[in-house]
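**Student:** Pasting a structure below so you can have a look.
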Amino acid sequence: MLQVQHLTFGYTKQPILTDLNFSAQPGESIAVIGESGSGKSTLLKLIYGEYDLDNGSLTWKNEAILGPKYNLVIGYDFMKYVAQEFELMPFITVEENIGKHLSNFYKTHKKERTAELLEVVELTAFAKTKVKLLSGGQKQRVALARALAKAPELILLDEPFSHIDNFKKQSLRRRVFKYLKENTITCIVATHDKEDVLGFADRILVLDHAKIVANNTPEVLYKNPESALVASFFSEFSIINKDIVYAHQLRVVNQSPFKASILNTYFKGAYYLHQADLEGNLVFFEHPSALKIGKTVSLQITTLE
Ligand SMILES: Nc1ncnc2c1ncn2[C@@H]1O[C@H](COP(=O)(O)OP(=O)(O)OP(=O)(O)O)[C@@H](O)[C@H]1O
């Protein structure tokens, strides 16, 4: 189990993370979210042992994870970190990169393992391609496969699908998270993308102002976002009478005391998102068809299912 206790750190005197406490069980997937600059990558780097903590402790299975002051070589065998910069070897092939740290002694095992991982990241067709010839998204997939090659117990993923097109992203995400669960690999994933979280993460940690401001399941946080920061991660929302109301909770009805005038309409595929003025308050709501700008509609708040 990963145990983070009273973790405090700053690159300078200014703390980036203050007194963080959480734990992760074997096979558990934890998403770390927060605004840009809130310290998500820093947290992953600290867990990896890249920096020394100013205060607190990090342990894996009750053994301390130490920073460079106490550990000559950064990192541990049980853990892999896939950074935003992939640090691959450009002049060798995809399969050579993935197999780089697998023993040549067990040649058949190495071959099978590489083939399995190529399939997980959907790069079988590129096995013999030199990494320098790949696109950014393909390189990101090689980095993922390479991190998984030596079967880590803990994997740290920083925006793991950020360079991958939407077309591929959905299936890749399913494959990778399924692989992690099946192999009981604990995963800490820093992300801006709610699709990396909903349906995959067991828990979400929300970082804000150097603290963990929420630590709960995606479902609980979605239904009870408590702050605009959390709500904004899930969907467009409005604040009405101090309550957070998601755009899909506001409906156009024939009659209601809430009269809103349409300001803008955005095509979103299955619906149109509308921006409207509700008695001086800017609100967002969804509607199956585009409503005319300037039109007045009656809105009703529905409860979250
Ligand atoms: N090597 C460094 N030296 C000094 N300051 C740093 C360093 N790396 C990050 N920072 C600062 O630490 C803060 C947190 O950065 P971090 O990269 O952890 O945020 P993040 O939440 O991962 O952001 P993003 O979502 O944009 O990737 C930022 O203010 C950043 O400028």
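Scheme for the structure tokens: letters A, B, ... for chains in order shown; per-chain residue numbers from 1; ligand numbers from 1 in order shown.
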Could you please extract the residues within 9 Å of ligand 1, counting only C-alpha atoms and all ligand atoms, and hand them back as number ranges by chain?
**Tutor:** A: 10-12, 15-17, 32-45, 84, 158-159, 190-192, 207, 210
**Student:** As a ChimeraX atom specification, please: every residue in segment 81-267 of chain A that a backbone DSSP assignment puts in alpha helix (DSSP H).
**Tutor:** /A:94-99,107-120,136-149,166-182,218-223,228-234
**Student:** List every residue of segment 49-249 of chain A that DSSP, applied to the backbone, labels as strand (DSSP E), and write the result as a PyMOL selection string.
**Tutor:** chain A and resi 55-60+63-64+79-82+154-158+186-190+203-208+211-216+237-240+243-246
**Student:** Which residue gives the smallest distance to Ile47 of chain A among A:Leu156, A:Leu117, A:Val73, A:Ala143, with only C-alpha atoms counted?
**Tutor:**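 Among the listed residues, the smallest separation from Ile47 of chain A belongs to A:Leu156.
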**Student:** What is the atom CA of Phe126 of chain A-atom CA of Pro152 of chain A distance in Å, reported with one decimal?
**Tutor:**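 We find that atom CA of Phe126 of chain A and atom CA of Pro152 of chain A lie 23.8 Å from each other.
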**Student:** Counting only C-alpha atoms, which residue out of A:Asp165, A:Glu28, A:Glu305, A:Asp243 sits closest to Ile185 of chain A?
**Tutor:** A:Glu28
**Student:** Give the answer as one residue: which of A:Thr93, A:Asn254, A:Asn216, A:Thr8 has the shortest atom-to-atom distance to Asp54 of chain A, using only C-alpha atoms?
**Tutor:**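 Among the listed residues, A:Thr8 lies closest to Asp54 of chain A.
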**Student:** Compile the contact shell of Thr217 of chain A as a list in words: residues with an atom at most 10 Å away, counting only C-alpha atoms, same-chain residues fewer than 6 positions apart removed.
**Tutor:**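 What passes the distance filter is Ile30, Ala31, Val197, Leu198, Ala201, Asp202, Arg203, Ile204 and Leu205 of chain A.
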**Student:** I need the residues from that last selection saved to file as a short mmCIF file (atom, residue, chain, number, x, y, z; two decimals), in the first residue's frame (with N, CA and C atoms), if you can.
**Tutor:**
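Heads up, here's the output in selection04.cif:
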data_model
loop_
_atom_site.label_atom_id
_atom_site.label_comp_id
_atom_site.auth_asym_id
_atom_site.auth_seq_id
_atom_site.Cartn_x
_atom_site.Cartn_y
_atom_site.Cartn_z
N ILE A 30 -6.15 5.97 -8.57
CA ILE A 30 -6.48 7.27 -7.97
C ILE A 30 -6.17 8.37 -8.99
N ALA A 31 -7.16 9.21 -9.25
CA ALA A 31 -6.95 10.33 -10.17
C ALA A 31 -6.65 11.58 -9.35
N VAL A 197 -11.15 9.64 -15.72
CA VAL A 197 -11.53 9.49 -14.32
C VAL A 197 -12.84 8.73 -14.18
N LEU A 198 -13.87 9.27 -14.85
CA LEU A 198 -15.19 8.65 -14.72
C LEU A 198 -15.13 7.25 -15.32
N ALA A 201 -11.36 5.62 -12.38
CA ALA A 201 -10.71 5.90 -11.10
C ALA A 201 -11.58 5.39 -9.95
N ASP A 202 -10.93 4.82 -8.95
CA ASP A 202 -11.67 4.43 -7.75
C ASP A 202 -11.90 5.65 -6.87
N ARG A 203 -10.93 6.57 -6.93
CA ARG A 203 -11.03 7.77 -6.11
C ARG A 203 -10.42 8.96 -6.83
N ILE A 204 -10.89 10.14 -6.47
CA ILE A 204 -10.32 11.37 -7.02
C ILE A 204 -9.76 12.19 -5.87
N LEU A 205 -8.54 12.68 -6.06
CA LEU A 205 -7.98 13.66 -5.13
C LEU A 205 -8.02 15.00 -5.84
#
**Student:** Residues within 7 Å of segment 273-278 of chain A, please, as a ChimeraX atom specification. Count only C-alpha atoms; anything in the same chain fewer than 2 positions from it doesn't count.
**Tutor:** /A:258-268,271,280-287
**Student:** With only C-alpha atoms as the basis for distance, which of A:Ser289, A:Thr184, A:Thr302, A:Ser256 is at the shortest distance from Ala270 of chain A?
**Tutor:**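 Of all the options, A:Ser289 lies closest to Ala270 of chain A.
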